[in-house]
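What follows is the content of target-v3.cif, which has mmCIF, C-alpha atoms (C1' of nucleotides):
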data_structure
loop_
_atom_site.label_atom_id
_atom_site.label_comp_id
_atom_site.auth_asym_id
_atom_site.auth_seq_id
_atom_site.Cartn_x
_atom_site.Cartn_y
_atom_site.Cartn_z
CA MET A 26 6.49 -2.20 -21.02
CA GLY A 27 8.60 -0.44 -18.42
CA SER A 28 10.60 -1.47 -15.44
CA THR A 29 9.09 -2.33 -12.08
CA ARG A 30 9.95 1.12 -10.87
CA ASP A 31 8.16 2.71 -13.80
CA ASN A 32 5.12 0.52 -13.24
CA ILE A 33 4.89 1.71 -9.66
CA ILE A 34 5.16 5.34 -10.66
CA GLU A 35 2.60 4.97 -13.41
CA ALA A 36 0.11 3.23 -11.14
CA THR A 37 0.61 5.94 -8.54
CA ARG A 38 0.12 8.65 -11.12
CA GLY A 39 -3.18 7.12 -12.19
CA LEU A 40 -4.50 6.73 -8.67
CA LEU A 41 -3.51 10.26 -7.68
CA GLU A 42 -5.46 11.55 -10.64
CA LEU A 43 -8.59 9.71 -9.63
CA GLN A 44 -8.45 9.99 -5.85
CA GLY A 45 -5.78 12.34 -4.66
CA TYR A 46 -3.00 11.76 -2.16
CA TYR A 47 -4.53 10.66 1.09
CA ALA A 48 -7.12 8.37 -0.44
CA THR A 49 -4.43 6.49 -2.33
CA GLY A 50 -2.89 3.73 -0.24
CA LEU A 51 0.34 1.90 -0.81
CA ASN A 52 -1.56 -1.38 -0.87
CA GLN A 53 -3.64 -0.08 -3.73
CA ILE A 54 -0.53 1.01 -5.58
CA ILE A 55 1.03 -2.42 -5.17
CA GLU A 56 -2.11 -4.13 -6.34
CA GLN A 57 -2.65 -1.89 -9.35
CA SER A 58 0.94 -1.88 -10.51
CA GLY A 59 1.39 -5.60 -10.11
CA ALA A 60 4.76 -4.79 -8.63
CA PRO A 61 6.29 -6.90 -5.92
CA ARG A 62 5.47 -5.53 -2.53
CA GLY A 63 9.06 -5.49 -1.38
CA SER A 64 10.10 -3.35 -4.32
CA LEU A 65 8.31 -0.24 -3.20
CA TYR A 66 10.65 0.71 -0.40
CA HIS A 67 13.57 -0.57 -2.42
CA TYR A 68 12.98 2.00 -5.13
CA PHE A 69 11.55 4.70 -2.89
CA PRO A 70 13.35 4.47 0.46
CA GLU A 71 11.66 7.62 1.76
CA GLY A 72 8.26 6.07 1.25
CA LYS A 73 4.99 7.46 0.05
CA GLU A 74 6.00 11.09 -0.15
CA GLU A 75 9.02 10.38 -2.34
CA LEU A 76 7.00 8.10 -4.58
CA THR A 77 4.26 10.68 -4.91
CA ALA A 78 6.71 13.44 -5.74
CA GLU A 79 8.12 11.29 -8.50
CA ALA A 80 4.63 10.51 -9.81
CA VAL A 81 3.72 14.19 -9.83
CA ARG A 82 6.89 15.01 -11.72
CA TRP A 83 6.09 12.21 -14.15
CA ALA A 84 2.54 13.44 -14.64
CA GLY A 85 3.73 17.00 -15.10
CA LEU A 86 6.13 16.02 -17.85
CA ALA A 87 3.55 13.86 -19.60
CA ILE A 88 1.05 16.71 -19.67
CA LEU A 89 3.73 19.12 -20.76
CA ASP A 90 4.39 16.89 -23.75
CA ARG A 91 0.70 16.72 -24.55
CA ILE A 92 0.39 20.49 -24.37
CA ARG A 93 3.41 21.12 -26.57
CA GLN A 94 2.44 18.52 -29.11
CA SER A 95 -1.15 19.65 -29.30
CA LEU A 96 -0.27 23.33 -29.57
CA ALA A 97 2.32 22.61 -32.25
CA GLU A 98 -0.26 21.00 -34.48
CA VAL A 99 -2.17 24.22 -35.09
CA GLU A 100 -0.43 27.41 -36.05
CA ASP A 101 -2.83 30.00 -34.71
CA PRO A 102 -2.47 30.13 -30.91
CA ALA A 103 -6.15 30.72 -30.23
CA GLU A 104 -7.21 27.78 -32.36
CA ALA A 105 -4.43 25.67 -30.93
CA VAL A 106 -5.62 26.28 -27.37
CA ARG A 107 -9.16 25.47 -28.39
CA ALA A 108 -8.02 22.22 -29.97
CA PHE A 109 -6.03 21.27 -26.87
CA VAL A 110 -8.94 21.88 -24.53
CA LEU A 111 -11.29 19.87 -26.73
CA GLN A 112 -8.75 17.06 -26.82
CA LEU A 113 -8.60 17.24 -23.03
CA ALA A 114 -12.39 17.06 -22.92
CA LEU A 115 -12.19 13.79 -24.84
CA HIS A 116 -9.68 12.47 -22.34
CA VAL A 117 -11.87 13.46 -19.41
CA ASN A 118 -14.88 11.90 -21.08
CA ALA A 119 -12.96 8.70 -21.72
CA SER A 120 -12.34 8.42 -17.98
CA SER A 121 -16.09 8.79 -17.32
CA CYS A 122 -15.31 12.27 -15.99
CA ARG A 123 -13.26 10.87 -13.15
CA GLY A 124 -9.85 12.02 -14.29
CA GLY A 125 -8.16 14.82 -16.12
CA ALA A 126 -6.50 16.91 -13.45
CA PRO A 127 -3.68 14.61 -12.40
CA ILE A 128 -2.12 16.78 -9.74
CA THR A 129 -4.78 19.27 -8.68
CA ALA A 130 -6.02 17.19 -5.78
CA VAL A 131 -2.47 16.58 -4.58
CA ALA A 132 -1.67 20.27 -4.91
CA LEU A 133 -4.60 21.28 -2.71
CA GLU A 134 -4.22 18.46 -0.19
CA THR A 135 -0.54 19.02 0.43
CA SER A 136 0.07 22.71 -0.28
CA GLY A 137 0.13 23.37 3.43
CA SER A 138 1.78 20.20 4.69
CA SER A 139 4.56 19.06 2.37
CA ASP A 140 7.13 21.35 0.83
CA ARG A 141 8.39 18.56 -1.33
CA LEU A 142 5.04 17.82 -2.95
CA ASN A 143 4.22 21.49 -3.14
CA ARG A 144 7.38 22.09 -5.12
CA ALA A 145 6.64 19.20 -7.46
CA CYS A 146 3.17 20.54 -8.22
CA ARG A 147 4.43 24.06 -8.66
CA ASP A 148 7.09 22.97 -11.12
CA ALA A 149 4.47 21.18 -13.18
CA TYR A 150 2.12 24.14 -13.32
CA HIS A 151 4.94 26.50 -14.22
CA SER A 152 6.09 24.26 -17.03
CA TRP A 153 2.59 24.15 -18.47
CA GLN A 154 2.22 27.90 -18.28
CA GLY A 155 5.61 28.21 -19.94
CA ALA A 156 4.53 26.05 -22.85
CA VAL A 157 1.43 28.13 -23.43
CA ARG A 158 3.37 31.36 -23.03
CA ASP A 159 5.91 30.25 -25.64
CA LYS A 160 3.17 29.35 -28.07
CA LEU A 161 1.51 32.72 -27.62
CA ALA A 162 4.80 34.60 -27.85
CA SER A 163 5.82 32.82 -31.01
CA GLY A 164 2.36 33.54 -32.38
CA GLY A 165 2.85 37.27 -32.13
CA TYR A 166 1.67 38.16 -28.63
CA GLU A 167 3.82 40.57 -26.73
CA SER A 168 6.01 38.76 -24.23
CA GLU A 169 4.62 40.08 -20.97
CA ARG A 170 1.07 39.76 -22.24
CA ALA A 171 1.71 36.19 -23.34
CA SER A 172 2.82 35.32 -19.84
CA ARG A 173 -0.30 36.76 -18.21
CA LEU A 174 -2.55 35.09 -20.75
CA ALA A 175 -0.83 31.76 -20.19
CA THR A 176 -1.65 31.93 -16.49
CA HIS A 177 -5.22 32.71 -17.38
CA VAL A 178 -5.42 29.80 -19.82
CA ILE A 179 -3.98 27.22 -17.43
CA ALA A 180 -6.15 28.45 -14.56
CA THR A 181 -9.28 28.26 -16.66
CA ILE A 182 -8.50 24.77 -17.89
CA GLU A 183 -7.76 23.54 -14.38
CA GLY A 184 -11.00 24.97 -13.08
CA ALA A 185 -13.00 23.62 -15.98
CA VAL A 186 -11.76 20.10 -15.30
CA VAL A 187 -12.86 20.47 -11.70
CA LEU A 188 -16.32 21.53 -12.84
CA ALA A 189 -16.48 18.78 -15.45
CA ARG A 190 -15.59 16.07 -12.96
CA THR A 191 -18.04 17.43 -10.43
CA ASP A 192 -20.80 17.62 -13.04
CA ARG A 193 -19.74 14.31 -14.56
CA ASP A 194 -20.13 16.15 -17.84
CA VAL A 195 -17.56 17.81 -20.06
CA GLU A 196 -19.75 20.72 -21.02
CA ALA A 197 -17.74 23.12 -18.87
CA LEU A 198 -14.62 22.16 -20.81
CA GLU A 199 -16.35 22.60 -24.13
CA ARG A 200 -17.56 26.01 -23.04
CA VAL A 201 -14.19 27.29 -21.94
CA ALA A 202 -12.61 25.92 -25.13
CA GLU A 203 -14.76 28.33 -27.10
CA GLU A 204 -14.43 31.19 -24.65
CA LEU A 205 -10.65 30.92 -24.45
CA ALA A 206 -10.36 30.79 -28.21
CA GLY A 207 -12.53 33.86 -28.58
CA TYR A 208 -10.67 35.65 -25.87
CA LEU A 209 -7.23 34.92 -27.26
CA ARG A 210 -8.30 36.01 -30.70
CA TRP A 211 -9.46 39.31 -29.27
CA ALA A 212 -6.42 39.72 -27.06
CA LYS A 213 -4.15 39.44 -30.05
CA SER A 214 -5.72 42.34 -31.86
CA ASP A 215 -5.99 44.42 -28.70
CA ASN A 216 -2.82 43.49 -26.87
CA LYS A 217 -2.86 46.20 -24.26
CA GLY A 218 -4.69 44.10 -21.72
CA ARG A 219 -5.99 47.11 -19.88
CA GLU A 220 -8.53 49.51 -21.26
CA GLY A 221 -8.37 53.24 -21.49
CA ARG A 222 -11.32 54.67 -19.59
CA ASP A 223 -12.07 56.86 -22.58
CA GLY A 224 -12.37 53.72 -24.77
CA MET B 8 -21.73 32.24 18.69
CA GLY B 9 -23.62 29.26 17.36
CA SER B 10 -24.78 25.98 18.68
CA THR B 11 -22.56 22.95 19.18
CA ARG B 12 -23.79 21.58 15.89
CA ASP B 13 -22.87 24.78 14.10
CA ASN B 14 -19.44 24.80 15.69
CA ILE B 15 -18.78 21.30 14.40
CA ILE B 16 -19.88 22.24 10.90
CA GLU B 17 -17.83 25.41 10.89
CA ALA B 18 -14.70 23.62 12.09
CA THR B 19 -15.20 20.96 9.45
CA ARG B 20 -15.67 23.58 6.77
CA GLY B 21 -12.41 25.23 7.70
CA LEU B 22 -10.43 22.01 7.77
CA LEU B 23 -11.84 20.83 4.45
CA GLU B 24 -10.73 24.09 2.91
CA LEU B 25 -7.17 23.67 4.14
CA GLN B 26 -6.68 19.93 3.80
CA GLY B 27 -9.48 18.26 1.92
CA TYR B 28 -11.60 15.31 2.92
CA TYR B 29 -9.34 12.38 3.66
CA ALA B 30 -6.72 14.38 5.49
CA THR B 31 -9.31 15.77 7.86
CA GLY B 32 -9.94 13.44 10.78
CA LEU B 33 -12.85 13.44 13.16
CA ASN B 34 -10.43 13.84 16.04
CA GLN B 35 -9.15 17.02 14.48
CA ILE B 36 -12.69 18.28 14.01
CA ILE B 37 -13.50 17.60 17.66
CA GLU B 38 -10.36 19.32 18.81
CA GLN B 39 -10.78 22.38 16.60
CA SER B 40 -14.47 22.86 17.27
CA GLY B 41 -14.15 22.42 20.99
CA ALA B 42 -17.31 20.35 20.76
CA PRO B 43 -17.92 17.40 23.04
CA ARG B 44 -16.76 14.20 21.44
CA GLY B 45 -20.06 12.44 21.99
CA SER B 46 -21.95 15.15 20.15
CA LEU B 47 -20.58 14.35 16.74
CA TYR B 48 -22.52 11.17 16.15
CA HIS B 49 -25.45 12.63 17.97
CA TYR B 50 -25.84 15.40 15.40
CA PHE B 51 -24.54 13.43 12.44
CA PRO B 52 -25.63 9.82 12.91
CA GLU B 53 -24.33 8.83 9.49
CA GLY B 54 -20.86 9.93 10.40
CA LYS B 55 -18.17 11.73 8.51
CA GLU B 56 -19.83 11.71 5.12
CA GLU B 57 -23.02 13.32 6.40
CA LEU B 58 -21.06 15.90 8.35
CA THR B 59 -18.93 16.70 5.32
CA ALA B 60 -21.95 17.04 3.07
CA GLU B 61 -23.40 19.52 5.51
CA ALA B 62 -20.13 21.45 5.71
CA VAL B 63 -19.91 21.60 1.92
CA ARG B 64 -23.47 22.88 1.72
CA TRP B 65 -22.63 25.44 4.39
CA ALA B 66 -19.51 26.55 2.56
CA GLY B 67 -21.39 26.76 -0.72
CA LEU B 68 -24.01 29.04 0.74
CA ALA B 69 -21.44 31.25 2.44
CA ILE B 70 -19.54 31.73 -0.81
CA LEU B 71 -22.78 32.30 -2.68
CA ASP B 72 -23.54 35.14 -0.31
CA ARG B 73 -20.09 36.60 -0.78
CA ILE B 74 -20.44 36.44 -4.55
CA ARG B 75 -23.87 38.04 -4.59
CA GLN B 76 -22.92 40.75 -2.16
CA SER B 77 -19.68 41.56 -3.91
CA LEU B 78 -21.25 41.64 -7.35
CA ALA B 79 -24.09 43.80 -6.14
CA GLU B 80 -21.70 46.50 -4.98
CA VAL B 81 -20.54 47.39 -8.48
CA GLU B 82 -23.00 47.99 -11.27
CA ASP B 83 -20.88 47.06 -14.27
CA PRO B 84 -20.57 43.25 -14.41
CA ALA B 85 -16.99 43.23 -15.67
CA GLU B 86 -15.83 45.55 -12.93
CA ALA B 87 -17.88 43.69 -10.38
CA VAL B 88 -16.21 40.40 -11.26
CA ARG B 89 -12.82 42.04 -11.07
CA ALA B 90 -13.61 43.42 -7.64
CA PHE B 91 -14.82 40.04 -6.42
CA VAL B 92 -11.68 38.25 -7.58
CA LEU B 93 -9.45 40.85 -5.96
CA GLN B 94 -11.42 40.52 -2.76
CA LEU B 95 -10.92 36.77 -2.99
CA ALA B 96 -7.21 37.34 -3.48
CA LEU B 97 -7.14 39.23 -0.20
CA HIS B 98 -8.89 36.34 1.50
CA VAL B 99 -6.42 33.83 0.08
CA ASN B 100 -3.53 36.03 1.10
CA ALA B 101 -4.93 36.37 4.61
CA SER B 102 -4.80 32.58 4.92
CA SER B 103 -1.14 32.59 3.86
CA CYS B 104 -2.28 31.11 0.56
CA ARG B 105 -3.50 27.96 2.24
CA GLY B 106 -7.21 28.45 1.74
CA GLY B 107 -9.69 29.93 -0.67
CA ALA B 108 -11.16 26.97 -2.49
CA PRO B 109 -13.30 25.46 0.25
CA ILE B 110 -14.73 22.54 -1.67
CA THR B 111 -12.41 21.95 -4.61
CA ALA B 112 -10.33 19.32 -2.88
CA VAL B 113 -13.43 17.54 -1.66
CA ALA B 114 -14.92 17.66 -5.14
CA LEU B 115 -11.88 16.03 -6.70
CA GLU B 116 -11.28 13.51 -3.92
CA THR B 117 -14.83 12.24 -3.83
CA SER B 118 -16.21 12.78 -7.33
CA GLY B 119 -15.73 9.10 -8.05
CA SER B 120 -16.51 7.61 -4.67
CA SER B 121 -19.42 9.40 -2.99
CA ASP B 122 -22.60 10.42 -4.77
CA ARG B 123 -23.69 12.35 -1.75
CA LEU B 124 -20.61 14.55 -1.58
CA ASN B 125 -20.52 14.85 -5.32
CA ARG B 126 -24.03 16.23 -5.31
CA ALA B 127 -23.22 18.68 -2.55
CA CYS B 128 -20.25 20.05 -4.46
CA ARG B 129 -22.17 20.21 -7.69
CA ASP B 130 -24.99 22.16 -6.07
CA ALA B 131 -22.51 24.69 -4.74
CA TYR B 132 -20.79 25.21 -8.07
CA HIS B 133 -24.10 25.55 -9.87
CA SER B 134 -25.32 28.13 -7.40
CA TRP B 135 -22.16 30.19 -7.88
CA GLN B 136 -22.46 30.03 -11.64
CA GLY B 137 -26.08 31.04 -11.30
CA ALA B 138 -25.18 34.12 -9.31
CA VAL B 139 -22.64 35.22 -11.90
CA ARG B 140 -25.04 34.44 -14.72
CA ASP B 141 -27.75 36.56 -13.13
CA LYS B 142 -25.38 39.46 -12.69
CA LEU B 143 -24.32 39.28 -16.33
CA ALA B 144 -27.86 38.88 -17.58
CA SER B 145 -29.09 41.83 -15.58
CA GLY B 146 -26.12 43.79 -16.90
CA GLY B 147 -27.23 43.39 -20.47
CA TYR B 148 -25.62 40.17 -21.60
CA GLU B 149 -27.80 37.85 -23.64
CA SER B 150 -29.14 35.04 -21.50
CA GLU B 151 -27.45 32.06 -23.13
CA ARG B 152 -24.19 33.96 -23.42
CA ALA B 153 -24.36 34.98 -19.77
CA SER B 154 -24.65 31.35 -18.79
CA ARG B 155 -21.62 30.29 -20.77
CA LEU B 156 -19.58 33.21 -19.51
CA ALA B 157 -20.54 32.40 -15.94
CA THR B 158 -19.12 28.90 -16.32
CA HIS B 159 -15.97 30.41 -17.71
CA VAL B 160 -15.67 32.88 -14.84
CA ILE B 161 -16.17 30.31 -12.10
CA ALA B 162 -13.78 27.86 -13.76
CA THR B 163 -11.11 30.50 -14.08
CA ILE B 164 -11.45 31.61 -10.48
CA GLU B 165 -11.32 28.02 -9.21
CA GLY B 166 -8.21 27.32 -11.23
CA ALA B 167 -6.55 30.54 -10.20
CA VAL B 168 -6.99 29.71 -6.54
CA VAL B 169 -5.35 26.34 -7.16
CA LEU B 170 -2.40 28.08 -8.80
CA ALA B 171 -2.20 30.70 -6.07
CA ARG B 172 -2.14 28.12 -3.30
CA THR B 173 0.44 26.05 -5.13
CA ASP B 174 2.61 29.11 -5.74
CA ARG B 175 1.91 30.46 -2.26
CA ASP B 176 1.36 33.73 -4.08
CA VAL B 177 -1.83 35.43 -5.20
CA GLU B 178 -0.38 36.74 -8.45
CA ALA B 179 -2.38 34.24 -10.50
CA LEU B 180 -5.57 35.59 -8.95
CA GLU B 181 -4.56 39.16 -9.62
CA ARG B 182 -3.81 38.27 -13.22
CA VAL B 183 -7.11 36.58 -13.89
CA ALA B 184 -8.96 39.44 -12.20
CA GLU B 185 -7.67 41.73 -14.93
CA GLU B 186 -8.06 39.22 -17.73
CA LEU B 187 -11.62 38.35 -16.77
CA ALA B 188 -12.56 42.01 -16.54
CA GLY B 189 -11.08 42.72 -19.96
CA TYR B 190 -12.73 39.68 -21.44
CA LEU B 191 -16.17 40.44 -20.05
CA ARG B 192 -15.99 43.99 -21.24
CA TRP B 193 -15.20 42.79 -24.74
CA ALA B 194 -17.78 40.02 -24.62
CA LYS B 195 -20.48 42.54 -23.89
CA SER B 196 -19.87 44.50 -27.04
CA ASP B 197 -19.39 41.38 -29.13
CA ASN B 198 -21.99 39.11 -27.69
CA LYS B 199 -21.97 36.44 -30.35
CA GLY B 200 -19.41 34.32 -28.59
CA ARG B 201 -18.51 32.46 -31.73
CA GLU B 202 -16.93 34.07 -34.71
CA GLY B 203 -18.22 33.99 -38.26
CA ARG B 204 -15.55 32.56 -40.50
CA ASP B 205 -16.19 35.44 -42.85
CA GLY B 206 -14.95 37.82 -40.11
"C1'" DG C 9 -26.79 15.59 25.23
"C1'" DT C 10 -22.55 14.49 26.73
"C1'" DC C 11 -18.72 11.55 27.98
"C1'" DT C 12 -15.42 7.49 28.18
"C1'" DA C 13 -13.75 3.37 26.61
"C1'" DT C 14 -13.15 0.44 23.05
"C1'" DA C 15 -13.72 -2.37 18.80
"C1'" DC C 16 -11.93 -3.15 14.35
"C1'" DG C 17 -9.94 -2.28 10.03
"C1'" DG C 18 -6.51 -0.18 7.35
"C1'" DT C 19 -2.43 2.77 7.18
"C1'" DG C 20 2.67 3.55 6.32
"C1'" DA C 21 6.66 1.44 7.53
"C1'" DT C 22 10.20 -2.19 8.94
"C1'" DA C 23 12.89 -6.64 9.71
"C1'" DG C 24 14.85 -10.49 8.08
"C1'" DA C 25 14.66 -14.72 5.06
"C1'" DC C 26 15.60 -15.99 0.37
"C1'" DG D 15 15.67 -7.50 -5.82
"C1'" DT D 16 12.02 -9.75 -4.07
"C1'" DC D 17 8.94 -11.57 -0.59
"C1'" DT D 18 6.51 -12.51 3.82
"C1'" DA D 19 5.34 -11.44 8.29
"C1'" DT D 20 4.59 -8.10 11.35
"C1'" DC D 21 4.95 -3.71 13.64
"C1'" DA D 22 2.87 0.46 15.89
"C1'" DC D 23 -0.36 3.73 14.91
"C1'" DC D 24 -4.52 6.21 13.63
"C1'" DG D 25 -8.79 6.14 11.26
"C1'" DT D 26 -14.01 5.76 11.80
"C1'" DA D 27 -17.48 3.99 14.26
"C1'" DT D 28 -19.96 2.01 18.32
"C1'" DA D 29 -21.61 0.75 23.09
"C1'" DG D 30 -23.11 1.98 27.30
"C1'" DA D 31 -22.70 4.91 31.56
"C1'" DC D 32 -24.19 9.33 33.28
#
Full structure transcribed into structure tokens:
Amino acid sequence: MGSTRDNIIEATRGLLELQGYYATGLNQIIEQSGAPRGSLYHYFPEGKEELTAEAVRWAGLAILDRIRQSLAEVEDPAEAVRAFVLQLALHVNASSCRGGAPITAVALETSGSSDRLNRACRDAYHSWQGAVRDKLASGGYESERASRLATHVIATIEGAVVLARTDRDVEALERVAEELAGYLRWAKSDNKGREGRDG
Amino acid sequence: MGSTRDNIIEATRGLLELQGYYATGLNQIIEQSGAPRGSLYHYFPEGKEELTAEAVRWAGLAILDRIRQSLAEVEDPAEAVRAFVLQLALHVNASSCRGGAPITAVALETSGSSDRLNRACRDAYHSWQGAVRDKLASGGYESERASRLATHVIATIEGAVVLARTDRDVEALERVAEELAGYLRWAKSDNKGREGRDG
DNA sequence: GTCTATACGGTGATAGAC
DNA sequence: GTCTATCACCGTATAGAC
């Protein structure tokens, strides 16, 4: 088990995933982490915003690891993405469809009010897109195309988690797993990305 | 201009889009709407949750209209979706990348805590998917396939708005506009949606 | 229908003992 | 480093006059 500081961050990360920023109170974080109340401002002198930024960074790195590891397990990029999304669907299902997008709520709640949190969320999303881009590039997709597809993949997954949580059903995730796999397979053979009108 | 009740709902809708549920206070709603303070609990006796549910419903219907209208303007479904996403990108840009997903934050914040708000969000998402599905179906896509693609389209758009707001840049939306158009065009010719292993 | 005043709980944050 | 007590504030919600 980790240090008190790590426990606080981990508890915060979990609550942000389930509830977002404003619904998550410091009291709740204390309670859930089991950390001493006085420790919070000892480790995070700037308070809730600093703690949240750290939790978002933490969550971003954890997901980045999951993405990289999952994608590395399957050679073909299209199949690898499908496998990752299905694995994510299991995770969402395991949380009774209440989790799965650890920073999306924070990103939307604070994009207009906190530069610090906005930056933290942006860094996470960029790192995820980078991991997907690298997988696609190393799998034979042209570099620029891989980058655009990576944005598409991450956006679709984010949105599918939102739908799954709202529906309390992972079907949306299962659908996009298949659609993304089919799309990436096609995009590899036709890597122009824009059609000729005479097609 | 509308009634006092409508003004309150409209102000709430706008604030939810920018900030989400918990960050939006009743005081702010009063101030922004210009409505008399006493009117709020007159029109919404059950308080903030009832008002929010109404605002979500309102937002859902407004977006549904925008989707239907936009899709109806272009005959080809793939091009129609592209045009809608680009139009949405303009809207997001016009809000300095601070708006564009009017109910996503609410959906994530309250999916685990309020059945009422959860239902309202779910209804909205379903109606949007239905509009896309109908457009695809009437454009020649097989019915079951149209439904799955519609989920994919809505998920991707939702996620792209999240990325755009976090990046404070609509590039993600512009990217998925092209990718979705390319994908839908391909999906129409190959309408199986799952590959045979025998290729 | 509208307005004012207020109750009451919970929030983030702080001070100072240990 | 940890803990307790407490702060000032803001949230939603309510009561009652007009």
If I take atom CA of B:Glu86 and atom CA of B:Ala167, how far is one from the other in Å, to one decimal?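 Atom-to-atom, atom CA of B:Glu86 to atom CA of B:Ala167, that is 17.9 Å.
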Check what the PyMOL selection byres ((chain C) within 12 of (chain A)) selects in the file above and give those residues as a ChimeraX atom specification. /C:18-23
Can you work out which residues from chain D touch chain A at a cut-off of 12 Å (counting only C-alpha atoms (C1' of nucleotides)) and hand them back as a PDB file with C-alpha atoms (C1' of nucleotides), in the coordinates of the input?
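Result written to selection_39.pdb:
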ATOM      1  C1'  DG D  15      15.670  -7.500  -5.820  1.00  0.00           C
ATOM      2  C1'  DT D  16      12.020  -9.750  -4.070  1.00  0.00           C
ATOM      3  C1'  DC D  17       8.940 -11.570  -0.590  1.00  0.00           C
ATOM      4  C1'  DT D  18       6.510 -12.510   3.820  1.00  0.00           C
ATOM      5  C1'  DA D  19       5.340 -11.440   8.290  1.00  0.00           C
ATOM      6  C1'  DG D  25      -8.790   6.140  11.260  1.00  0.00           C
TER       7       DG D  25
END
Set the cut-off to 7 Å and count all atoms listed in the file: what are the residues of chain B that reach chain A? Output as a VMD selection string. chain B and resid 26 to 27 29 to 30 105 112 114 to 116 118 to 119 125 128 to 129 155 158 to 159 162 to 163 165 to 167 169 to 170 172 to 174 179 182 to 183 189 to 190 200 to 201
Please dump the current selection as a PDB file, in the frame of the given file; keep C-alpha atoms.
ATOM      1  CA  GLN B  26      -6.680  19.930   3.800  1.00  0.00           C
ATOM      2  CA  GLY B  27      -9.480  18.260   1.920  1.00  0.00           C
ATOM      3  CA  TYR B  29      -9.340  12.380   3.660  1.00  0.00           C
ATOM      4  CA  ALA B  30      -6.720  14.380   5.490  1.00  0.00           C
ATOM      5  CA  ARG B 105      -3.500  27.960   2.240  1.00  0.00           C
ATOM      6  CA  ALA B 112     -10.330  19.320  -2.880  1.00  0.00           C
ATOM      7  CA  ALA B 114     -14.920  17.660  -5.140  1.00  0.00           C
ATOM      8  CA  LEU B 115     -11.880  16.030  -6.700  1.00  0.00           C
ATOM      9  CA  GLU B 116     -11.280  13.510  -3.920  1.00  0.00           C
ATOM     10  CA  SER B 118     -16.210  12.780  -7.330  1.00  0.00           C
ATOM     11  CA  GLY B 119     -15.730   9.100  -8.050  1.00  0.00           C
ATOM     12  CA  ASN B 125     -20.520  14.850  -5.320  1.00  0.00           C
ATOM     13  CA  CYS B 128     -20.250  20.050  -4.460  1.00  0.00           C
ATOM     14  CA  ARG B 129     -22.170  20.210  -7.690  1.00  0.00           C
ATOM     15  CA  ARG B 155     -21.620  30.290 -20.770  1.00  0.00           C
ATOM     16  CA  THR B 158     -19.120  28.900 -16.320  1.00  0.00           C
ATOM     17  CA  HIS B 159     -15.970  30.410 -17.710  1.00  0.00           C
ATOM     18  CA  ALA B 162     -13.780  27.860 -13.760  1.00  0.00           C
ATOM     19  CA  THR B 163     -11.110  30.500 -14.080  1.00  0.00           C
ATOM     20  CA  GLU B 165     -11.320  28.020  -9.210  1.00  0.00           C
ATOM     21  CA  GLY B 166      -8.210  27.320 -11.230  1.00  0.00           C
ATOM     22  CA  ALA B 167      -6.550  30.540 -10.200  1.00  0.00           C
ATOM     23  CA  VAL B 169      -5.350  26.340  -7.160  1.00  0.00           C
ATOM     24  CA  LEU B 170      -2.400  28.080  -8.800  1.00  0.00           C
ATOM     25  CA  ARG B 172      -2.140  28.120  -3.300  1.00  0.00           C
ATOM     26  CA  THR B 173       0.440  26.050  -5.130  1.00  0.00           C
ATOM     27  CA  ASP B 174       2.610  29.110  -5.740  1.00  0.00           C
ATOM     28  CA  ALA B 179      -2.380  34.240 -10.500  1.00  0.00           C
ATOM     29  CA  ARG B 182      -3.810  38.270 -13.220  1.00  0.00           C
ATOM     30  CA  VAL B 183      -7.110  36.580 -13.890  1.00  0.00           C
ATOM     31  CA  GLY B 189     -11.080  42.720 -19.960  1.00  0.00           C
ATOM     32  CA  TYR B 190     -12.730  39.680 -21.440  1.00  0.00           C
ATOM     33  CA  GLY B 200     -19.410  34.320 -28.590  1.00  0.00           C
ATOM     34  CA  ARG B 201     -18.510  32.460 -31.730  1.00  0.00           C
TER      35      ARG B 201
END
For a test of reading the model, state the distance in Å between atom C1' of D:DA29 and atom CA of B:Leu47, rounded to one decimal. 15.0 Å
Quick one: what's the axis-aligned box for stretch 43-50 of chain B, all listed atoms, 8 Å on every side, centre and edges in Å to one decimal, as JSON?
{"center_x": -21.3, "center_y": 14.3, "center_z": 19.2, "size_x": 25.1, "size_y": 22.2, "size_z": 23.6}
Care to translate the PyMOL selection byres ((chain B and resi 71) around 8) into actual residues of this file, as an MDAnalysis selection string? chainID B and resid 67:70 72:75 131 134:135 138
Mind pulling up the distance from atom CA of B:Leu22 to atom CA of B:Trp65? 13.1 Å
